[in-house]
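Colleague: Below is the file coords.cif, which contains mmCIF, C-alpha atoms.
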```cif
data_my_file
loop_
_atom_site.group_PDB
_atom_site.id
_atom_site.type_symbol
_atom_site.label_atom_id
_atom_site.label_comp_id
_atom_site.auth_asym_id
_atom_site.auth_seq_id
_atom_site.Cartn_x
_atom_site.Cartn_y
_atom_site.Cartn_z
ATOM 1 C CA MET V 1 -27.520 -1.897 1.774
ATOM 2 C CA GLY V 2 -24.356 -4.027 1.483
ATOM 3 C CA LEU V 3 -22.155 -1.248 2.892
ATOM 4 C CA PHE V 4 -24.125 -1.149 6.155
ATOM 5 C CA LYS V 5 -23.754 -4.903 6.630
ATOM 6 C CA MET V 6 -19.954 -4.593 6.491
ATOM 7 C CA ASN V 7 -18.050 -4.950 9.727
ATOM 8 C CA PHE V 8 -16.453 -1.778 11.115
ATOM 9 C CA ALA V 9 -12.890 -2.661 9.993
ATOM 10 C CA ASN V 10 -14.112 -3.093 6.397
ATOM 11 C CA LYS V 11 -15.925 0.253 6.513
ATOM 12 C CA ILE V 12 -12.636 1.911 7.495
ATOM 13 C CA SER V 13 -10.845 0.179 4.569
ATOM 14 C CA THR V 14 -13.631 1.326 2.232
ATOM 15 C CA PHE V 15 -13.230 4.904 3.514
ATOM 16 C CA ARG V 16 -9.497 4.664 2.679
ATOM 17 C CA ILE V 17 -10.257 3.521 -0.876
ATOM 18 C CA LEU V 18 -12.851 6.303 -1.343
ATOM 19 C CA SER V 19 -10.363 8.944 -0.122
ATOM 20 C CA VAL V 20 -7.846 8.130 -2.904
ATOM 21 C CA PRO V 21 -9.501 10.267 -5.669
ATOM 22 C CA PHE V 22 -9.560 13.287 -3.304
ATOM 23 C CA PHE V 23 -5.895 12.716 -2.470
ATOM 24 C CA ILE V 24 -4.975 12.522 -6.195
ATOM 25 C CA ALA V 25 -7.081 15.613 -7.035
ATOM 26 C CA SER V 26 -5.451 17.718 -4.309
ATOM 27 C CA LEU V 27 -2.004 16.849 -5.717
ATOM 28 C CA ILE V 28 -2.992 17.333 -9.371
ATOM 29 C CA TYR V 29 -4.404 20.813 -8.653
ATOM 30 C CA TYR V 30 -1.569 21.769 -6.312
ATOM 31 C CA SER V 31 0.586 24.695 -7.416
ATOM 32 C CA THR V 32 2.815 27.149 -5.558
ATOM 33 C CA ASP V 33 -0.039 29.675 -5.330
ATOM 34 C CA ARG V 34 -2.380 26.940 -4.013
ATOM 35 C CA GLY V 35 -0.002 25.662 -1.337
ATOM 36 C CA TYR V 36 -2.849 24.654 0.989
ATOM 37 C CA LEU V 37 -3.662 21.724 -1.356
ATOM 38 C CA ARG V 38 -0.383 20.047 -0.378
ATOM 39 C CA PHE V 39 -1.523 20.065 3.248
ATOM 40 C CA ILE V 40 -4.967 18.748 2.278
ATOM 41 C CA ALA V 41 -3.178 15.879 0.471
ATOM 42 C CA LEU V 42 -1.005 15.355 3.560
ATOM 43 C CA GLY V 43 -4.091 15.314 5.812
ATOM 44 C CA ILE V 44 -5.872 12.766 3.602
ATOM 45 C CA PHE V 45 -2.739 10.592 3.478
ATOM 46 C CA ILE V 46 -2.201 10.710 7.262
ATOM 47 C CA LEU V 47 -5.887 9.843 7.775
ATOM 48 C CA GLY V 48 -5.310 6.895 5.430
ATOM 49 C CA VAL V 49 -2.273 5.769 7.462
ATOM 50 C CA ILE V 50 -4.187 6.096 10.751
ATOM 51 C CA SER V 51 -7.201 4.240 9.304
ATOM 52 C CA ASP V 52 -4.873 1.418 8.196
ATOM 53 C CA VAL V 53 -3.539 1.036 11.746
ATOM 54 C CA VAL V 54 -7.042 1.322 13.267
ATOM 55 C CA ASP V 55 -8.758 -1.192 10.979
ATOM 56 C CA GLY V 56 -5.941 -3.695 11.515
ATOM 57 C CA TYR V 57 -6.223 -3.244 15.282
ATOM 58 C CA ILE V 58 -10.046 -3.559 15.238
ATOM 59 C CA ALA V 59 -9.931 -6.660 13.040
ATOM 60 C CA ARG V 60 -7.424 -8.317 15.411
ATOM 61 C CA LYS V 61 -9.106 -7.226 18.654
ATOM 62 C CA SER V 62 -12.692 -8.109 17.717
ATOM 63 C CA LYS V 63 -11.649 -10.977 15.410
ATOM 64 C CA GLN V 64 -13.558 -9.265 12.568
ATOM 65 C CA TYR V 65 -11.768 -11.148 9.815
ATOM 66 C CA SER V 66 -13.628 -11.508 6.556
ATOM 67 C CA LYS V 67 -12.930 -12.365 2.925
ATOM 68 C CA ALA V 68 -13.844 -8.774 2.004
ATOM 69 C CA GLY V 69 -11.357 -7.469 4.580
ATOM 70 C CA LEU V 70 -8.579 -9.631 3.132
ATOM 71 C CA VAL V 71 -9.052 -7.791 -0.167
ATOM 72 C CA LEU V 72 -10.187 -4.302 0.943
ATOM 73 C CA ASP V 73 -7.401 -3.630 3.457
ATOM 74 C CA PRO V 74 -4.385 -4.303 1.187
ATOM 75 C CA LEU V 75 -6.246 -2.749 -1.781
ATOM 76 C CA GLY V 76 -6.732 0.483 0.193
ATOM 77 C CA ASP V 77 -3.012 0.572 1.070
ATOM 78 C CA LYS V 78 -1.861 -0.182 -2.465
ATOM 79 C CA LEU V 79 -4.147 2.403 -4.097
ATOM 80 C CA LEU V 80 -3.145 5.136 -1.664
ATOM 81 C CA LEU V 81 0.584 4.381 -1.858
ATOM 82 C CA MET V 82 0.732 3.813 -5.624
ATOM 83 C CA SER V 83 -1.166 7.030 -6.363
ATOM 84 C CA ALA V 84 1.104 8.920 -3.909
ATOM 85 C CA PHE V 85 4.303 7.626 -5.534
ATOM 86 C CA ILE V 86 3.034 8.328 -9.072
ATOM 87 C CA CYS V 87 1.780 11.861 -8.278
ATOM 88 C CA LEU V 88 4.849 12.755 -6.220
ATOM 89 C CA SER V 89 7.271 11.671 -8.935
ATOM 90 C CA LEU V 90 5.476 13.515 -11.769
ATOM 91 C CA LYS V 91 4.660 16.796 -9.968
ATOM 92 C CA SER V 92 7.361 19.269 -11.075
ATOM 93 C CA GLU V 93 6.173 21.880 -8.528
ATOM 94 C CA PHE V 94 7.805 19.766 -5.821
ATOM 95 C CA PRO V 95 11.553 20.545 -5.633
ATOM 96 C CA LEU V 96 12.017 17.230 -3.783
ATOM 97 C CA ARG V 97 10.154 14.440 -5.563
ATOM 98 C CA PHE V 98 10.445 10.693 -6.032
ATOM 99 C CA PRO V 99 12.760 9.626 -8.872
ATOM 100 C CA ILE V 100 10.810 7.707 -11.539
ATOM 101 C CA GLY V 101 12.973 4.632 -10.819
ATOM 102 C CA VAL V 102 11.818 4.556 -7.181
ATOM 103 C CA THR V 103 8.156 4.750 -8.262
ATOM 104 C CA LEU V 104 8.665 1.984 -10.846
ATOM 105 C CA ILE V 105 10.194 -0.329 -8.207
ATOM 106 C CA VAL V 106 7.283 0.307 -5.794
ATOM 107 C CA ILE V 107 4.615 -0.243 -8.471
ATOM 108 C CA SER V 108 6.358 -3.286 -10.029
ATOM 109 C CA ARG V 109 6.454 -5.048 -6.660
ATOM 110 C CA ASP V 110 2.766 -4.374 -5.999
ATOM 111 C CA VAL V 111 1.705 -5.480 -9.490
ATOM 112 C CA MET V 112 3.836 -8.627 -9.101
ATOM 113 C CA ILE V 113 2.212 -9.425 -5.725
ATOM 114 C CA LEU V 114 -1.312 -8.852 -7.110
ATOM 115 C CA LEU V 115 -0.660 -11.031 -10.176
ATOM 116 C CA GLY V 116 0.933 -13.723 -7.997
ATOM 117 C CA ALA V 117 -2.073 -13.674 -5.646
ATOM 118 C CA LEU V 118 -4.380 -13.970 -8.667
ATOM 119 C CA VAL V 119 -2.454 -16.983 -10.036
ATOM 120 C CA ILE V 120 -2.552 -18.688 -6.610
ATOM 121 C CA TYR V 121 -6.281 -17.943 -6.326
ATOM 122 C CA ILE V 122 -6.975 -19.400 -9.802
ATOM 123 C CA VAL V 123 -5.003 -22.558 -9.012
ATOM 124 C CA LYS V 124 -6.020 -22.971 -5.361
ATOM 125 C CA GLN V 125 -9.528 -21.414 -5.384
ATOM 126 C CA GLU V 126 -8.709 -19.639 -2.137
ATOM 127 C CA ILE V 127 -6.264 -17.024 -1.002
ATOM 128 C CA ASN V 128 -4.430 -16.429 2.237
ATOM 129 C CA ILE V 129 -2.830 -12.990 2.181
ATOM 130 C CA SER V 130 -0.921 -12.479 5.389
ATOM 131 C CA PRO V 131 1.593 -9.633 5.546
ATOM 132 C CA THR V 132 5.163 -10.587 6.359
ATOM 133 C CA ARG V 133 7.585 -8.688 8.578
ATOM 134 C CA TRP V 134 9.331 -7.437 5.398
ATOM 135 C CA GLY V 135 5.986 -6.367 3.948
ATOM 136 C CA LYS V 136 5.128 -4.384 7.081
ATOM 137 C CA LEU V 137 8.551 -2.671 7.085
ATOM 138 C CA THR V 138 8.093 -1.847 3.392
ATOM 139 C CA THR V 139 4.674 -0.276 3.952
ATOM 140 C CA THR V 140 5.948 1.685 6.977
ATOM 141 C CA PHE V 141 8.921 3.172 5.109
ATOM 142 C CA GLN V 142 6.885 3.846 1.967
ATOM 143 C CA MET V 143 4.312 5.748 4.050
ATOM 144 C CA CYS V 144 7.053 7.696 5.883
ATOM 145 C CA SER V 145 8.667 8.565 2.516
ATOM 146 C CA VAL V 146 5.387 9.954 1.160
ATOM 147 C CA ILE V 147 4.836 12.073 4.291
ATOM 148 C CA ALA V 148 8.459 13.341 4.124
ATOM 149 C CA VAL V 149 8.093 14.329 0.430
ATOM 150 C CA LEU V 150 4.736 16.029 1.077
ATOM 151 C CA LEU V 151 6.450 18.012 3.851
ATOM 152 C CA GLN V 152 9.498 18.544 1.573
ATOM 153 C CA LEU V 153 11.873 17.373 4.312
ATOM 154 C CA ARG V 154 15.538 17.483 3.373
ATOM 155 C CA PHE V 155 16.214 13.890 4.481
ATOM 156 C CA SER V 156 13.404 12.473 2.259
ATOM 157 C CA PRO V 157 15.870 10.701 -0.107
ATOM 158 C CA ILE V 158 17.276 8.669 2.813
ATOM 159 C CA LEU V 159 13.762 7.443 3.652
ATOM 160 C CA TRP V 160 12.833 6.589 0.076
ATOM 161 C CA TRP V 161 16.042 4.614 -0.511
ATOM 162 C CA VAL V 162 15.422 2.642 2.705
ATOM 163 C CA ALA V 163 11.867 2.072 1.398
ATOM 164 C CA VAL V 164 13.300 0.828 -1.935
ATOM 165 C CA PHE V 165 15.597 -1.592 -0.071
ATOM 166 C CA PHE V 166 12.682 -3.092 1.880
ATOM 167 C CA THR V 167 10.465 -3.053 -1.236
ATOM 168 C CA LEU V 168 13.010 -5.234 -3.079
ATOM 169 C CA ILE V 169 13.574 -7.567 -0.085
ATOM 170 C CA SER V 170 9.841 -8.045 0.510
ATOM 171 C CA GLY V 171 9.204 -8.484 -3.231
ATOM 172 C CA ILE V 172 11.738 -11.345 -3.381
ATOM 173 C CA ASP V 173 10.259 -12.804 -0.171
ATOM 174 C CA TYR V 174 6.684 -12.748 -1.576
ATOM 175 C CA VAL V 175 7.838 -14.391 -4.831
ATOM 176 C CA LYS V 176 9.581 -17.181 -2.864
ATOM 177 C CA ARG V 177 6.466 -17.701 -0.708
ATOM 178 C CA GLY V 178 4.263 -17.734 -3.806
ATOM 179 C CA PHE V 179 6.354 -20.426 -5.505
ATOM 180 C CA LYS V 180 6.430 -22.452 -2.287
ATOM 181 C CA THR V 181 2.612 -22.356 -2.157
ATOM 182 C CA LEU V 182 2.318 -23.444 -5.804
ATOM 183 C CA TYR V 183 4.928 -26.224 -5.411
ATOM 184 C CA ALA V 184 3.165 -27.482 -2.259
ATOM 185 C CA LEU V 185 -0.040 -27.702 -4.305
ATOM 186 C CA ASP V 186 1.695 -29.607 -7.105
ATOM 187 C CA ASN V 187 3.304 -32.034 -4.626
ATOM 188 C CA SER V 188 0.017 -32.689 -2.810
ATOM 189 C CA ARG V 189 -1.734 -33.426 -6.129
ATOM 190 C CA ASN V 190 1.088 -35.702 -7.338
ATOM 191 C CA SER V 191 1.038 -37.682 -4.095
ATOM 192 C CA HIS V 192 -2.656 -38.651 -4.545
#
```
Starting from the file, lay out its structure as structure tokens.

Modeller:
Amino acid sequence: MGLFKMNFANKISTFRILSVPFFIASLIYYSTDRGYLRFIALGIFILGVISDVVDGYIARKSKQYSKAGLVLDPLGDKLLLMSAFICLSLKSEFPLRFPIGVTLIVISRDVMILLGALVIYIVKQEINISPTRWGKLTTTFQMCSVIAVLLQLRFSPILWWVAVFFTLISGIDYVKRGFKTLYALDNSRNSH
């Protein structure tokens, strides 16, 4: 019953999360004689990208913000992107694939952000996850990189190195913001 009480934006985020296993499966079972699976993976990924844009737009337009949405939306993005980077760096059937180092940078940043958010939540008992300009650029270039690798476009490396640049910048930015939040908490407690 709980799923039907969700607002529409959250249902779209949930759809994105539920599509991840199908995306992973289509890449795991992909081989040169089952080339169509690459395009199924691409279709699922593009649907995920479109659903991310749509649920963000709906949430803003209809002011459908919720605590569930604050978790479901970024979780859907992270799961889809992390699984894409992992699968597309390990799949030897792809002549053009992500270097392991690129995948490690992407995953390390996301794990760091999730752990930081958890620490802030434990200390503050609430969480305010708002994407930054750097975070949005990172997600955009990471998504473009995945699409380029799935299509085996020759300029894919340019996109993934731009994505790495923004991943590092946004990672540093999130760490600075996280410390600022924790220091602000400490200062407010010390002043009482």

Colleague: Which is closest to V:Ser170 among V:Phe8, V:Phe15, V:Trp134, V:Phe45, if we use all atoms listed in the file?

Modeller: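 Answer, going by the shortest atom-to-atom distance: V:Trp134.
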
Colleague: Excluding stretch 108-113 of chain V and residues on its chain fewer than 5 positions from it, collect all residues at most 8 Å away from it, counting all atoms listed in the file, and give them as a ChimeraX atom specification.

Modeller: /V:78,167-168,171,174-175

Colleague: Got a sec to resolve the PyMOL selection byres ((chain V and resi 73-75) around 9) on this structure and send the residues as a VMD selection string?

Modeller: chain V and resid 9 to 10 12 to 14 16 to 17 52 55 to 56 68 to 72 76 to 80 129

Colleague: Check which residues satisfy the PyMOL selection byres ((chain V and resi 152-159) around 10) in the file shown, then give them as a PDB file with C-alpha atoms, in the frame of the given file.

Modeller:
```
ATOM      1  CA  PHE V  94       7.805  19.766  -5.821  1.00  0.00           C
ATOM      2  CA  PRO V  95      11.553  20.545  -5.633  1.00  0.00           C
ATOM      3  CA  LEU V  96      12.017  17.230  -3.783  1.00  0.00           C
ATOM      4  CA  ARG V  97      10.154  14.440  -5.563  1.00  0.00           C
ATOM      5  CA  PHE V  98      10.445  10.693  -6.032  1.00  0.00           C
ATOM      6  CA  PRO V  99      12.760   9.626  -8.872  1.00  0.00           C
ATOM      7  CA  PHE V 141       8.921   3.172   5.109  1.00  0.00           C
ATOM      8  CA  GLN V 142       6.885   3.846   1.967  1.00  0.00           C
ATOM      9  CA  MET V 143       4.312   5.748   4.050  1.00  0.00           C
ATOM     10  CA  CYS V 144       7.053   7.696   5.883  1.00  0.00           C
ATOM     11  CA  SER V 145       8.667   8.565   2.516  1.00  0.00           C
ATOM     12  CA  VAL V 146       5.387   9.954   1.160  1.00  0.00           C
ATOM     13  CA  ILE V 147       4.836  12.073   4.291  1.00  0.00           C
ATOM     14  CA  ALA V 148       8.459  13.341   4.124  1.00  0.00           C
ATOM     15  CA  VAL V 149       8.093  14.329   0.430  1.00  0.00           C
ATOM     16  CA  LEU V 150       4.736  16.029   1.077  1.00  0.00           C
ATOM     17  CA  LEU V 151       6.450  18.012   3.851  1.00  0.00           C
ATOM     18  CA  TRP V 160      12.833   6.589   0.076  1.00  0.00           C
ATOM     19  CA  TRP V 161      16.042   4.614  -0.511  1.00  0.00           C
ATOM     20  CA  VAL V 162      15.422   2.642   2.705  1.00  0.00           C
ATOM     21  CA  ALA V 163      11.867   2.072   1.398  1.00  0.00           C
ATOM     22  CA  VAL V 164      13.300   0.828  -1.935  1.00  0.00           C
ATOM     23  CA  PHE V 165      15.597  -1.592  -0.071  1.00  0.00           C
TER      24      PHE V 165
END
```

Colleague: Run the PyMOL selection byres ((chain V and resi 18-30) around 9) on the file and write out the hits as a PyMOL selection string.

Modeller: chain V and resi 13-17+31-45+48+76+79-80+83-84+87-88+91+93

Colleague: Output C-alpha atoms of each residue in that selection to a file, as a PDB file, keeping the file's coordinate frame.

Modeller:
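After the write, out20.pdb holds the following:
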```pdb
ATOM      1  CA  SER V  13     -10.845   0.179   4.569  1.00  0.00           C
ATOM      2  CA  THR V  14     -13.631   1.326   2.232  1.00  0.00           C
ATOM      3  CA  PHE V  15     -13.230   4.904   3.514  1.00  0.00           C
ATOM      4  CA  ARG V  16      -9.497   4.664   2.679  1.00  0.00           C
ATOM      5  CA  ILE V  17     -10.257   3.521  -0.876  1.00  0.00           C
ATOM      6  CA  SER V  31       0.586  24.695  -7.416  1.00  0.00           C
ATOM      7  CA  THR V  32       2.815  27.149  -5.558  1.00  0.00           C
ATOM      8  CA  ASP V  33      -0.039  29.675  -5.330  1.00  0.00           C
ATOM      9  CA  ARG V  34      -2.380  26.940  -4.013  1.00  0.00           C
ATOM     10  CA  GLY V  35      -0.002  25.662  -1.337  1.00  0.00           C
ATOM     11  CA  TYR V  36      -2.849  24.654   0.989  1.00  0.00           C
ATOM     12  CA  LEU V  37      -3.662  21.724  -1.356  1.00  0.00           C
ATOM     13  CA  ARG V  38      -0.383  20.047  -0.378  1.00  0.00           C
ATOM     14  CA  PHE V  39      -1.523  20.065   3.248  1.00  0.00           C
ATOM     15  CA  ILE V  40      -4.967  18.748   2.278  1.00  0.00           C
ATOM     16  CA  ALA V  41      -3.178  15.879   0.471  1.00  0.00           C
ATOM     17  CA  LEU V  42      -1.005  15.355   3.560  1.00  0.00           C
ATOM     18  CA  GLY V  43      -4.091  15.314   5.812  1.00  0.00           C
ATOM     19  CA  ILE V  44      -5.872  12.766   3.602  1.00  0.00           C
ATOM     20  CA  PHE V  45      -2.739  10.592   3.478  1.00  0.00           C
ATOM     21  CA  GLY V  48      -5.310   6.895   5.430  1.00  0.00           C
ATOM     22  CA  GLY V  76      -6.732   0.483   0.193  1.00  0.00           C
ATOM     23  CA  LEU V  79      -4.147   2.403  -4.097  1.00  0.00           C
ATOM     24  CA  LEU V  80      -3.145   5.136  -1.664  1.00  0.00           C
ATOM     25  CA  SER V  83      -1.166   7.030  -6.363  1.00  0.00           C
ATOM     26  CA  ALA V  84       1.104   8.920  -3.909  1.00  0.00           C
ATOM     27  CA  CYS V  87       1.780  11.861  -8.278  1.00  0.00           C
ATOM     28  CA  LEU V  88       4.849  12.755  -6.220  1.00  0.00           C
ATOM     29  CA  LYS V  91       4.660  16.796  -9.968  1.00  0.00           C
ATOM     30  CA  GLU V  93       6.173  21.880  -8.528  1.00  0.00           C
TER      31      GLU V  93
END
```

Colleague: Provide the atom CA of V:Ala59 to atom CA of V:Val123 distance in Å, to one decimal place.

Modeller: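 Going from atom CA of V:Ala59 over to atom CA of V:Val123, I get 27.6 Å.
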
Colleague: Enter the distance from atom CA of V:Lys61 to atom CA of V:Lys11, in Å, rounded to one decimal.

Modeller: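 Separating atom CA of V:Lys61 from atom CA of V:Lys11 is a distance of 15.8 Å.
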
Colleague: For atom CA of V:Val106 and atom CA of V:Ser51, quote the distance in Å rounded to one decimal.

Modeller: 21.3 Å

Colleague: Using only C-alpha atoms, can you tell me which of V:Thr139, V:Thr132, V:Thr181, V:Ser92 comes closest to V:Val49?

Modeller: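 Answer, going by the shortest atom-to-atom distance: V:Thr139.
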
Colleague: For V:Phe179, which residue among V:Met82, V:Leu104, V:Leu115, V:Ile120 is the nearest when counting only C-alpha atoms?

Modeller: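 Of the candidates, the smallest distance to V:Phe179 is held by V:Ile120.
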
Colleague: Write a file for stretch 143-154 of chain V of the given structure; include all heavy atoms and format it as a PDB file, in the first residue's frame.

Modeller:
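And here is the file that came out, selection.pdb:
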```
ATOM      1  N   MET V 143      26.823  10.872 -16.723  1.00  0.00           N
ATOM      2  CA  MET V 143      25.767  10.255 -17.543  1.00  0.00           C
ATOM      3  C   MET V 143      26.140  10.264 -19.032  1.00  0.00           C
ATOM      4  O   MET V 143      25.966   9.266 -19.725  1.00  0.00           O
ATOM      5  CB  MET V 143      24.429  10.972 -17.318  1.00  0.00           C
ATOM      6  CG  MET V 143      23.811  10.656 -15.972  1.00  0.00           C
ATOM      7  SD  MET V 143      22.330  11.639 -15.633  1.00  0.00           S
ATOM      8  CE  MET V 143      21.646  10.752 -14.222  1.00  0.00           C
ATOM      9  N   CYS V 144      26.681  11.394 -19.506  1.00  0.00           N
ATOM     10  CA  CYS V 144      27.109  11.486 -20.912  1.00  0.00           C
ATOM     11  C   CYS V 144      28.223  10.483 -21.207  1.00  0.00           C
ATOM     12  O   CYS V 144      28.249   9.870 -22.289  1.00  0.00           O
ATOM     13  CB  CYS V 144      27.598  12.900 -21.236  1.00  0.00           C
ATOM     14  SG  CYS V 144      26.255  14.106 -21.254  1.00  0.00           S
ATOM     15  N   SER V 145      29.142  10.294 -20.260  1.00  0.00           N
ATOM     16  CA  SER V 145      30.246   9.336 -20.432  1.00  0.00           C
ATOM     17  C   SER V 145      29.707   7.921 -20.589  1.00  0.00           C
ATOM     18  O   SER V 145      30.165   7.166 -21.449  1.00  0.00           O
ATOM     19  CB  SER V 145      31.189   9.352 -19.219  1.00  0.00           C
ATOM     20  OG  SER V 145      31.701  10.626 -19.015  1.00  0.00           O
ATOM     21  N   VAL V 146      28.739   7.556 -19.744  1.00  0.00           N
ATOM     22  CA  VAL V 146      28.159   6.209 -19.803  1.00  0.00           C
ATOM     23  C   VAL V 146      27.485   5.988 -21.161  1.00  0.00           C
ATOM     24  O   VAL V 146      27.692   4.956 -21.808  1.00  0.00           O
ATOM     25  CB  VAL V 146      27.152   5.984 -18.645  1.00  0.00           C
ATOM     26  CG1 VAL V 146      26.364   4.694 -18.837  1.00  0.00           C
ATOM     27  CG2 VAL V 146      27.889   5.963 -17.304  1.00  0.00           C
ATOM     28  N   ILE V 147      26.704   6.974 -21.605  1.00  0.00           N
ATOM     29  CA  ILE V 147      26.018   6.855 -22.901  1.00  0.00           C
ATOM     30  C   ILE V 147      27.049   6.726 -24.032  1.00  0.00           C
ATOM     31  O   ILE V 147      26.905   5.886 -24.925  1.00  0.00           O
ATOM     32  CB  ILE V 147      25.067   8.058 -23.132  1.00  0.00           C
ATOM     33  CG1 ILE V 147      23.887   7.978 -22.147  1.00  0.00           C
ATOM     34  CG2 ILE V 147      24.568   8.098 -24.571  1.00  0.00           C
ATOM     35  CD1 ILE V 147      23.039   9.240 -22.048  1.00  0.00           C
ATOM     36  N   ALA V 148      28.124   7.536 -23.965  1.00  0.00           N
ATOM     37  CA  ALA V 148      29.171   7.491 -25.002  1.00  0.00           C
ATOM     38  C   ALA V 148      29.860   6.127 -25.036  1.00  0.00           C
ATOM     39  O   ALA V 148      30.122   5.580 -26.112  1.00  0.00           O
ATOM     40  CB  ALA V 148      30.196   8.598 -24.753  1.00  0.00           C
ATOM     41  N   VAL V 149      30.142   5.537 -23.862  1.00  0.00           N
ATOM     42  CA  VAL V 149      30.796   4.221 -23.814  1.00  0.00           C
ATOM     43  C   VAL V 149      29.838   3.138 -24.311  1.00  0.00           C
ATOM     44  O   VAL V 149      30.237   2.238 -25.056  1.00  0.00           O
ATOM     45  CB  VAL V 149      31.329   3.904 -22.390  1.00  0.00           C
ATOM     46  CG1 VAL V 149      31.796   2.461 -22.280  1.00  0.00           C
ATOM     47  CG2 VAL V 149      32.483   4.840 -22.033  1.00  0.00           C
ATOM     48  N   LEU V 150      28.565   3.228 -23.922  1.00  0.00           N
ATOM     49  CA  LEU V 150      27.585   2.247 -24.418  1.00  0.00           C
ATOM     50  C   LEU V 150      27.468   2.307 -25.944  1.00  0.00           C
ATOM     51  O   LEU V 150      27.265   1.291 -26.600  1.00  0.00           O
ATOM     52  CB  LEU V 150      26.215   2.477 -23.770  1.00  0.00           C
ATOM     53  CG  LEU V 150      26.065   1.944 -22.334  1.00  0.00           C
ATOM     54  CD1 LEU V 150      24.803   2.492 -21.686  1.00  0.00           C
ATOM     55  CD2 LEU V 150      26.050   0.419 -22.308  1.00  0.00           C
ATOM     56  N   LEU V 151      27.612   3.507 -26.501  1.00  0.00           N
ATOM     57  CA  LEU V 151      27.558   3.673 -27.959  1.00  0.00           C
ATOM     58  C   LEU V 151      28.922   3.446 -28.616  1.00  0.00           C
ATOM     59  O   LEU V 151      29.038   3.468 -29.833  1.00  0.00           O
ATOM     60  CB  LEU V 151      27.043   5.077 -28.312  1.00  0.00           C
ATOM     61  CG  LEU V 151      25.552   5.320 -28.045  1.00  0.00           C
ATOM     62  CD1 LEU V 151      25.223   6.791 -28.212  1.00  0.00           C
ATOM     63  CD2 LEU V 151      24.692   4.474 -28.981  1.00  0.00           C
ATOM     64  N   GLN V 152      29.967   3.259 -27.749  1.00  0.00           N
ATOM     65  CA  GLN V 152      31.343   3.066 -28.220  1.00  0.00           C
ATOM     66  C   GLN V 152      31.810   4.220 -29.113  1.00  0.00           C
ATOM     67  O   GLN V 152      32.401   4.008 -30.178  1.00  0.00           O
ATOM     68  CB  GLN V 152      31.482   1.713 -28.943  1.00  0.00           C
ATOM     69  CG  GLN V 152      31.381   0.503 -28.022  1.00  0.00           C
ATOM     70  CD  GLN V 152      32.572   0.401 -27.075  1.00  0.00           C
ATOM     71  OE1 GLN V 152      33.665   0.002 -27.460  1.00  0.00           O
ATOM     72  NE2 GLN V 152      32.379   0.793 -25.812  1.00  0.00           N
ATOM     73  N   LEU V 153      31.514   5.440 -28.676  1.00  0.00           N
ATOM     74  CA  LEU V 153      31.930   6.631 -29.429  1.00  0.00           C
ATOM     75  C   LEU V 153      33.416   6.889 -29.211  1.00  0.00           C
ATOM     76  O   LEU V 153      33.927   6.753 -28.100  1.00  0.00           O
ATOM     77  CB  LEU V 153      31.105   7.847 -28.989  1.00  0.00           C
ATOM     78  CG  LEU V 153      29.586   7.737 -29.190  1.00  0.00           C
ATOM     79  CD1 LEU V 153      28.891   8.963 -28.633  1.00  0.00           C
ATOM     80  CD2 LEU V 153      29.232   7.551 -30.662  1.00  0.00           C
ATOM     81  N   ARG V 154      34.081   7.291 -30.266  1.00  0.00           N
ATOM     82  CA  ARG V 154      35.538   7.451 -30.226  1.00  0.00           C
ATOM     83  C   ARG V 154      35.996   8.512 -29.220  1.00  0.00           C
ATOM     84  O   ARG V 154      37.087   8.424 -28.656  1.00  0.00           O
ATOM     85  CB  ARG V 154      36.059   7.792 -31.622  1.00  0.00           C
ATOM     86  CG  ARG V 154      37.350   7.080 -31.967  1.00  0.00           C
ATOM     87  CD  ARG V 154      37.806   7.368 -33.368  1.00  0.00           C
ATOM     88  NE  ARG V 154      36.812   6.968 -34.362  1.00  0.00           N
ATOM     89  CZ  ARG V 154      36.818   7.414 -35.620  1.00  0.00           C
ATOM     90  NH1 ARG V 154      37.717   8.291 -36.016  1.00  0.00           N
ATOM     91  NH2 ARG V 154      35.904   6.997 -36.480  1.00  0.00           N
TER      92      ARG V 154
END
```
